[in-house]
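Trainee: I am sharing upload-v9.txt, which consists of compact mmCIF, C-alpha atoms:
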# COMPACT_ATOMS: atom_id res chain seq x y z
CA MET C 1 -18.15 -12.28 -23.50
CA MET C 2 -16.45 -12.43 -20.13
CA ASP C 3 -17.17 -14.34 -16.92
CA VAL C 4 -15.97 -13.30 -13.51
CA ALA C 5 -14.04 -16.13 -11.90
CA LEU C 6 -13.20 -16.08 -8.25
CA ALA C 7 -9.53 -16.76 -7.95
CA SER C 8 -9.76 -19.52 -5.29
CA SER C 9 17.36 -7.45 -27.97
CA LYS C 10 20.11 -5.86 -27.27
CA ALA C 11 20.29 -3.04 -29.90
CA CYS C 12 23.47 -2.84 -31.99
CA TYR C 13 24.47 0.55 -33.26
CA SER C 14 26.89 1.06 -36.18
CA ILE C 15 28.04 4.68 -36.37
CA SER C 16 30.41 5.91 -39.09
CA TYR C 17 31.82 9.40 -39.52
CA THR C 18 33.13 10.90 -42.81
CA PHE C 19 35.35 13.81 -43.58
CA THR C 20 36.63 15.38 -46.82
CA PRO C 21 40.17 14.10 -47.54
CA PHE C 22 42.95 16.42 -48.71
CA SER C 23 42.59 16.14 -52.52
CA ARG C 24 45.13 16.93 -55.31
CA SER C 25 42.91 19.66 -56.78
CA ASN C 26 42.89 21.46 -53.50
CA SER C 27 46.68 21.19 -53.27
CA VAL C 28 47.17 22.73 -56.74
CA LEU C 29 44.79 25.55 -55.91
CA ALA C 30 46.58 26.28 -52.67
CA SER C 31 50.05 26.19 -54.39
CA SER C 32 49.20 28.32 -57.42
CA GLY C 33 51.27 31.53 -57.53
CA SER C 34 53.19 30.63 -54.33
CA THR C 35 56.92 30.38 -53.61
CA PRO C 36 58.54 26.99 -52.89
CA ASP C 37 58.65 27.82 -49.16
CA GLN C 38 55.03 28.87 -49.23
CA ARG C 39 54.16 25.75 -51.15
CA ARG C 40 56.12 23.69 -48.64
CA ARG C 41 54.30 25.36 -45.75
CA THR C 42 51.03 24.88 -47.51
CA VAL C 43 51.68 21.19 -48.04
CA ILE C 44 52.84 20.78 -44.46
CA PHE C 45 49.77 22.64 -43.21
CA GLY C 46 47.53 20.55 -45.40
CA SER C 47 49.12 17.34 -44.13
CA SER C 48 48.68 18.49 -40.52
CA LEU C 49 45.06 19.32 -41.18
CA ALA C 50 44.49 15.88 -42.65
CA LEU C 51 46.17 14.25 -39.64
CA ALA C 52 44.14 16.31 -37.19
CA SER C 53 40.92 15.52 -39.02
CA SER C 54 41.81 11.83 -38.95
CA LEU C 55 42.45 11.91 -35.20
CA LEU C 56 39.22 13.83 -34.56
CA ALA C 57 37.21 11.34 -36.57
CA SER C 58 38.83 8.48 -34.67
CA ASN C 59 37.87 10.04 -31.32
CA GLN C 60 34.35 10.76 -32.50
CA GLN C 61 33.96 7.12 -33.48
CA SER C 62 35.15 5.86 -30.09
CA PHE C 63 32.92 8.10 -27.93
CA PRO C 64 29.53 6.66 -29.06
CA VAL C 65 30.86 3.11 -28.69
CA GLU C 66 32.06 3.81 -25.17
CA SER C 67 28.76 5.52 -24.35
CA ALA C 68 26.79 2.56 -25.68
CA ILE C 69 28.83 0.16 -23.55
CA ALA C 70 28.37 2.33 -20.45
CA LEU C 71 24.64 2.56 -21.12
CA GLU C 72 24.38 -1.20 -21.49
CA GLN C 73 26.25 -1.71 -18.22
CA LEU C 74 23.95 0.77 -16.49
CA LYS C 75 20.89 -1.09 -17.77
CA GLU C 76 22.30 -4.38 -16.49
CA GLU C 77 22.98 -2.86 -13.07
CA GLU C 78 19.45 -1.43 -12.90
CA LEU C 79 18.00 -4.81 -13.90
CA GLU C 80 20.05 -6.54 -11.21
CA GLU C 81 18.87 -4.02 -8.62
CA GLU C 82 15.25 -4.53 -9.65
CA GLU C 83 15.62 -8.29 -9.52
CA GLU C 84 17.24 -8.04 -6.11
CA ARG C 85 14.34 -5.95 -4.83
CA ASN C 86 11.86 -8.53 -6.13
CA VAL C 87 13.77 -11.38 -4.49
CA ASN C 88 13.97 -9.54 -1.17
CA LEU C 89 10.27 -8.67 -1.28
CA PHE C 90 9.32 -12.30 -1.85
CA GLN C 91 11.65 -13.62 0.84
CA LYS C 92 10.37 -11.08 3.34
CA THR C 93 6.67 -11.59 2.64
CA SER C 94 6.15 -15.22 1.64
CA PRO C 95 6.39 -16.53 5.26
CA SER C 96 3.22 -14.54 5.97
CA VAL C 97 1.24 -16.24 3.17
CA VAL C 98 -0.65 -19.45 3.94
CA TYR C 99 -1.95 -22.35 1.85
CA ILE C 100 -5.55 -23.34 2.48
CA GLU C 101 -7.10 -26.70 1.59
CA ASP C 102 -10.84 -27.19 1.63
CA ILE C 103 -11.42 -30.88 2.37
CA GLU C 104 -14.36 -33.19 2.94
CA LEU C 105 -14.14 -36.24 5.19
CA PRO C 106 -15.60 -39.56 3.97
CA LYS C 107 -19.06 -40.31 5.33
CA THR C 108 -18.43 -43.94 6.24
CA SER C 109 -15.40 -43.73 8.54
CA SER C 110 -15.87 -43.44 12.31
CA ASP C 111 -12.13 -43.01 12.98
CA GLU C 112 -11.43 -39.30 12.50
CA SER C 113 -7.65 -39.72 12.05
CA ASN C 114 -8.21 -42.37 9.38
CA ALA C 115 -10.95 -40.25 7.84
CA GLU C 116 -8.55 -37.33 7.37
CA ASP C 117 -6.10 -39.61 5.56
CA ASN C 118 -8.88 -40.44 3.10
CA ALA C 119 -10.30 -36.94 2.92
CA LYS C 120 -11.16 -35.44 -0.45
CA ILE C 121 -9.57 -32.13 -1.33
CA GLU C 122 -12.34 -30.04 -2.85
CA GLY C 123 -10.45 -26.82 -3.40
CA THR C 124 -7.42 -24.78 -2.49
CA GLY C 125 -6.81 -21.13 -1.82
CA SER C 126 -4.56 -18.66 -0.10
CA GLY C 127 -4.59 -16.39 2.91
CA PHE C 128 -2.21 -14.39 5.07
CA VAL C 129 -1.27 -14.08 8.73
CA TRP C 130 -3.09 -11.14 10.31
CA ASP C 131 -1.54 -11.24 13.79
CA LYS C 132 0.64 -13.35 16.06
CA LEU C 133 -2.41 -14.85 17.75
CA GLY C 134 -3.08 -17.08 14.74
CA HIS C 135 -5.78 -15.14 12.91
CA ILE C 136 -5.75 -15.77 9.16
CA VAL C 137 -7.46 -13.52 6.59
CA THR C 138 -8.78 -15.06 3.38
CA ASN C 139 -11.72 -14.80 0.97
CA TYR C 140 -15.15 -15.95 2.04
CA HIS C 141 -15.54 -18.01 -1.12
CA VAL C 142 -12.39 -20.00 -0.23
CA ILE C 143 -14.04 -21.43 2.89
CA ALA C 144 -17.71 -21.10 1.83
CA LYS C 145 -18.33 -24.85 2.05
CA LEU C 146 -17.07 -24.94 5.61
CA ALA C 147 -19.16 -21.88 6.46
CA THR C 148 -22.35 -23.47 5.13
CA ASP C 149 -21.61 -27.08 6.16
CA GLN C 150 -24.57 -28.98 7.57
CA SER C 151 -22.98 -32.43 7.58
CA GLY C 152 -20.04 -31.82 9.88
CA LEU C 153 -17.71 -33.36 7.31
CA GLN C 154 -16.06 -30.20 6.02
CA ARG C 155 -12.61 -29.23 7.22
CA CYS C 156 -10.15 -26.48 6.44
CA LYS C 157 -6.40 -27.14 6.59
CA VAL C 158 -4.00 -24.22 6.86
CA SER C 159 -0.31 -24.74 5.99
CA LEU C 160 2.29 -22.09 6.74
CA VAL C 161 5.77 -21.51 8.16
CA ASP C 162 6.60 -19.99 11.50
CA ALA C 163 9.18 -17.26 12.11
CA MET C 164 11.92 -19.92 12.25
CA GLY C 165 11.00 -21.24 8.79
CA THR C 166 9.43 -24.48 10.03
CA ARG C 167 6.38 -25.59 8.05
CA PHE C 168 3.36 -26.90 9.88
CA THR C 169 -0.34 -27.54 9.21
CA LYS C 170 -3.31 -26.85 11.47
CA ASP C 171 -7.08 -26.94 11.30
CA GLY C 172 -8.59 -23.56 10.57
CA LYS C 173 -11.63 -22.60 12.59
CA ILE C 174 -14.00 -19.88 11.37
CA VAL C 175 -13.96 -16.75 13.51
CA GLY C 176 -15.85 -14.28 11.35
CA LEU C 177 -17.51 -13.97 7.95
CA ASP C 178 -18.35 -11.07 5.63
CA PRO C 179 -19.79 -12.48 2.38
CA ASP C 180 -20.67 -8.97 1.16
CA ASN C 181 -16.97 -8.10 0.88
CA ASP C 182 -15.83 -11.70 0.26
CA LEU C 183 -13.79 -11.73 3.47
CA ALA C 184 -13.34 -14.30 6.22
CA VAL C 185 -11.14 -14.77 9.27
CA LEU C 186 -9.87 -18.16 10.42
CA LYS C 187 -8.05 -19.04 13.64
CA ILE C 188 -5.34 -21.66 14.06
CA GLU C 189 -3.64 -22.92 17.19
CA THR C 190 -0.06 -21.63 17.24
CA GLU C 191 1.12 -23.89 20.11
CA GLY C 192 3.78 -21.39 21.07
CA ARG C 193 5.06 -20.90 17.53
CA GLU C 194 5.91 -17.34 16.51
CA LEU C 195 4.07 -16.22 13.39
CA LYS C 196 4.98 -13.41 11.01
CA PRO C 197 2.02 -11.15 10.20
CA VAL C 198 1.93 -9.20 6.95
CA ALA C 199 2.92 -5.54 6.89
CA LEU C 200 -0.24 -3.54 6.26
CA GLY C 201 -0.25 -0.68 3.78
CA THR C 202 -3.02 1.56 2.50
CA SER C 203 -5.06 1.59 -0.68
CA SER C 204 -6.11 5.24 -0.41
CA ASP C 205 -3.06 6.66 -2.22
CA LEU C 206 -2.58 4.03 -4.93
CA ARG C 207 -1.89 5.28 -8.45
CA VAL C 208 -2.49 3.58 -11.77
CA GLY C 209 0.82 2.39 -13.18
CA GLN C 210 2.62 1.61 -9.93
CA SER C 211 4.10 -1.84 -9.50
CA CYS C 212 2.32 -4.53 -7.52
CA PHE C 213 3.02 -8.12 -6.56
CA ALA C 214 0.77 -11.08 -5.84
CA ILE C 215 1.81 -14.07 -3.72
CA GLY C 216 -0.39 -17.13 -3.47
CA ASN C 217 -0.93 -20.74 -4.41
CA PRO C 218 -2.36 -20.89 -7.96
CA TYR C 219 -3.49 -24.38 -8.93
CA GLY C 220 -1.88 -25.69 -5.75
CA TYR C 221 1.62 -24.42 -6.54
CA GLU C 222 2.61 -22.97 -3.19
CA ASN C 223 4.36 -19.63 -2.75
CA THR C 224 4.05 -18.35 -6.31
CA LEU C 225 5.00 -14.75 -7.10
CA THR C 226 3.52 -12.79 -9.99
CA ILE C 227 4.32 -9.19 -10.90
CA GLY C 228 2.30 -6.46 -12.61
CA VAL C 229 0.96 -2.96 -12.20
CA VAL C 230 -2.12 -1.35 -10.78
CA SER C 231 -4.30 -1.21 -13.91
CA GLY C 232 -7.30 0.60 -12.49
CA LEU C 233 -8.93 1.86 -9.31
CA GLY C 234 -12.46 2.16 -7.98
CA ARG C 235 -13.79 -0.87 -9.82
CA GLU C 236 -17.01 -2.59 -8.87
CA ILE C 237 -17.13 -6.40 -8.88
CA PRO C 238 -19.75 -8.93 -7.71
CA SER C 239 -19.39 -10.58 -4.31
CA PRO C 240 -20.21 -14.29 -3.71
CA ASN C 241 -23.68 -13.42 -2.40
CA GLY C 242 -24.57 -11.33 -5.43
CA LYS C 243 -23.91 -7.92 -3.92
CA SER C 244 -21.23 -5.48 -5.11
CA ILE C 245 -17.72 -4.93 -3.83
CA ARG C 246 -16.81 -1.32 -4.48
CA GLU C 247 -13.44 0.40 -4.83
CA ALA C 248 -11.76 -2.84 -5.99
CA ILE C 249 -8.22 -2.67 -7.34
CA GLN C 250 -7.68 -3.85 -10.92
CA THR C 251 -4.28 -5.36 -11.75
CA ASP C 252 -2.57 -7.30 -14.53
CA ALA C 253 -0.52 -9.32 -12.04
CA ASP C 254 -1.66 -12.89 -12.69
CA ILE C 255 -4.35 -14.05 -10.31
CA ASN C 256 -5.57 -17.57 -10.97
CA SER C 257 -7.54 -20.26 -9.21
CA GLY C 258 -5.87 -20.79 -5.84
CA ASN C 259 -4.62 -17.19 -5.55
CA SER C 260 -7.83 -16.18 -3.80
CA GLY C 261 -7.24 -14.74 -0.35
CA GLY C 262 -3.55 -14.02 -0.87
CA PRO C 263 -2.03 -10.55 -0.51
CA LEU C 264 -1.49 -7.96 -3.21
CA LEU C 265 1.65 -5.99 -2.30
CA ASP C 266 3.28 -2.70 -3.20
CA SER C 267 7.01 -2.27 -3.93
CA TYR C 268 7.77 -2.02 -0.21
CA GLY C 269 6.11 -5.32 0.62
CA HIS C 270 3.09 -3.67 2.23
CA THR C 271 -0.25 -5.38 1.70
CA ILE C 272 -2.55 -3.16 -0.38
CA GLY C 273 -5.28 -5.67 -1.20
CA VAL C 274 -6.66 -9.20 -1.03
CA ASN C 275 -6.59 -11.03 -4.37
CA THR C 276 -10.07 -12.24 -5.13
CA ALA C 277 -11.24 -12.51 -8.75
CA THR C 278 -10.35 -12.51 -12.43
CA PHE C 279 -12.28 -12.11 -15.65
CA THR C 280 -12.14 -15.30 -17.72
CA ARG C 281 -12.88 -15.84 -21.38
CA LYS C 282 -16.39 -17.26 -21.55
CA GLY C 283 -16.49 -21.01 -21.89
CA THR C 284 -12.71 -21.47 -21.60
CA GLY C 285 -11.86 -20.67 -17.99
CA MET C 286 -8.78 -18.85 -19.28
CA SER C 287 -7.79 -15.64 -17.53
CA SER C 288 -8.14 -12.47 -19.57
CA GLY C 289 -5.45 -10.66 -17.57
CA VAL C 290 -8.07 -8.45 -15.90
CA ASN C 291 -7.78 -9.27 -12.20
CA PHE C 292 -9.14 -7.74 -9.00
CA ALA C 293 -8.28 -7.35 -5.34
CA ILE C 294 -10.28 -6.09 -2.37
CA PRO C 295 -8.65 -2.84 -1.15
CA ILE C 296 -6.78 -3.20 2.13
CA ASP C 297 -8.57 -0.19 3.61
CA THR C 298 -11.81 -2.18 3.42
CA VAL C 299 -10.07 -5.15 5.04
CA VAL C 300 -8.63 -3.04 7.87
CA ARG C 301 -12.09 -1.62 8.64
CA THR C 302 -13.76 -5.04 8.56
CA VAL C 303 -11.39 -7.62 10.08
CA PRO C 304 -11.34 -6.32 13.68
CA TYR C 305 -15.13 -6.61 13.83
CA LEU C 306 -14.97 -10.14 12.39
CA ILE C 307 -12.48 -11.14 15.09
CA VAL C 308 -14.44 -9.62 17.96
CA TYR C 309 -18.07 -10.06 16.86
CA GLY C 310 -17.94 -12.64 14.06
CA THR C 311 -19.73 -10.33 11.63
CA ALA C 312 -19.09 -7.02 9.96
CA TYR C 313 -20.13 -3.88 11.82
CA ARG C 314 -23.14 -3.26 9.61
CA ASP C 315 -24.48 -6.74 10.46
CA ARG C 316 -24.35 -6.34 14.24
CA PHE C 317 -27.76 -4.73 14.58
Using structure tokens, write down the structure that the file contains.
Mentor:
Amino acid sequence: MMDVALASSKACYSISYTFTPFSRSNSVLASSGSTPDQRRRTVIFGSSLALASSLLASNQQSFPVESAIALEQLKEEELEEEEERNVNLFQKTSPSVVYIEDIELPKTSSDESNAEDNAKIEGTGSGFVWDKLGHIVTNYHVIAKLATDQSGLQRCKVSLVDAMGTRFTKDGKIVGLDPDNDLAVLKIETEGRELKPVALGTSSDLRVGQSCFAIGNPYGYENTLTIGVVSGLGREIPSPNGKSIREAIQTDADINSGNSGGPLLDSYGHTIGVNTATFTRKGTGMSSGVNFAIPIDTVVRTVPYLIVYGTAYRDRF
């Protein structure tokens, strides 16, 4: 049984070649009925043939060894290039990923600054910078407590770096909500800081088997990169309000608690989805490796309406 959890040797080759040596019986057969000169020429010819065969065998032995070494070097170079691409992708994209803390202030304190020092962290998640105005996209379930708060004690802290690499933390204010697609938009005050929005891609031309990358904050470990492939397309998964999210992307890139709201990227660093859920083994909470992201095309259609109207287009009327 499965539950759906929201994701708030080198080979050694030995090659030997054999050839038939110049034997005495062959020499006698070749010399029989011949003159001394003929026999001498025959012996000389036979010796030359043996020498040539020996040299040929030696060359044949060296070629596969040299080829194996060249192949190994090529593999190492390809691995280094792949690693370099992964490093560059992470360095380019991670400044656009934010760390979200869902906190609750104590009920007894009247001093808000002191209350925040004693605040209880109730959950963590991820998100990403949508634009330079300070809009942050995340999952609805990451900030659901803030969205449904009746006590006034819920807060949302957003930590990120600006374009200069300076880390700072601000309160996140809800701008728009779409529980049906498990999406939400927060707004932070930039105070003149320059932010780095994600590069948006498309989910319409994804293919099963292509590489993908997830960046987020699983279990509170900030800026964590996991790598996998697109495992399936057009999946249907439940949303937090019990409805269905269609066209979800399935991936084996690890998505765990705290990854929710972070970006799923293609090999170019373009955002192709929002990491949102994983199947867990029933009763254990352990990920099964079957993970899901909301397709970016759904996000691109929805977020502008959330920013302007606070709700998705279908909810405006």
Trainee: Taking (9.0, -11.6, -6.9) in the file's coordinates, which residues come within 12 Å, counting all atoms listed in the file, written as a compact mmCIF listing (two decimals) with C-alpha atoms, keeping the file's coordinate frame?
Mentor:
# COMPACT_ATOMS: atom_id res chain seq x y z
CA GLU C 82 15.25 -4.53 -9.65
CA GLU C 83 15.62 -8.29 -9.52
CA GLU C 84 17.24 -8.04 -6.11
CA ARG C 85 14.34 -5.95 -4.83
CA ASN C 86 11.86 -8.53 -6.13
CA VAL C 87 13.77 -11.38 -4.49
CA ASN C 88 13.97 -9.54 -1.17
CA LEU C 89 10.27 -8.67 -1.28
CA PHE C 90 9.32 -12.30 -1.85
CA GLN C 91 11.65 -13.62 0.84
CA LYS C 92 10.37 -11.08 3.34
CA THR C 93 6.67 -11.59 2.64
CA SER C 94 6.15 -15.22 1.64
CA SER C 211 4.10 -1.84 -9.50
CA CYS C 212 2.32 -4.53 -7.52
CA PHE C 213 3.02 -8.12 -6.56
CA ALA C 214 0.77 -11.08 -5.84
CA ILE C 215 1.81 -14.07 -3.72
CA GLY C 216 -0.39 -17.13 -3.47
CA ASN C 223 4.36 -19.63 -2.75
CA THR C 224 4.05 -18.35 -6.31
CA LEU C 225 5.00 -14.75 -7.10
CA THR C 226 3.52 -12.79 -9.99
CA ILE C 227 4.32 -9.19 -10.90
CA GLY C 228 2.30 -6.46 -12.61
CA ALA C 253 -0.52 -9.32 -12.04
CA LEU C 264 -1.49 -7.96 -3.21
CA LEU C 265 1.65 -5.99 -2.30
CA ASP C 266 3.28 -2.70 -3.20
CA SER C 267 7.01 -2.27 -3.93
CA TYR C 268 7.77 -2.02 -0.21
CA GLY C 269 6.11 -5.32 0.62
Trainee: Please list as a PyMOL selection string every residue within 6 Å of C:Ile296, counting all atoms listed in the file and excluding residues in the same chain fewer than 4 positions away.
Mentor: chain C and resi 203+272-273
Trainee: Given the choices C:Ile255, C:Ala199, C:Ile103, C:Val299, which gets closest to C:Leu153 if the distance is worked out from all atoms listed in the file?
Mentor: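 Ranked by minimum distance to C:Leu153, first place goes to C:Ile103.
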Trainee: Could you give me, as a PyMOL selection string, the residues within 7 Å of C:Glu194, counting all atoms listed in the file and dropping anything in the same chain fewer than 6 positions from it?
Mentor: chain C and resi 132+162-163
Trainee: Could you check which of C:Val161, C:Ala144, C:Val308, C:Leu105 is closest to C:Ile121, using all atoms listed in the file?
Mentor: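 Of C:Val161, C:Ala144, C:Val308, C:Leu105, the one nearest C:Ile121 is C:Leu105, counting all atoms listed in the file.
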Trainee: Which residue is closest to C:Lys187? Choose from C:Lys170, C:His135, C:Arg207, C:Arg246 and count only C-alpha atoms.
Mentor: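 Closest candidate: C:His135.
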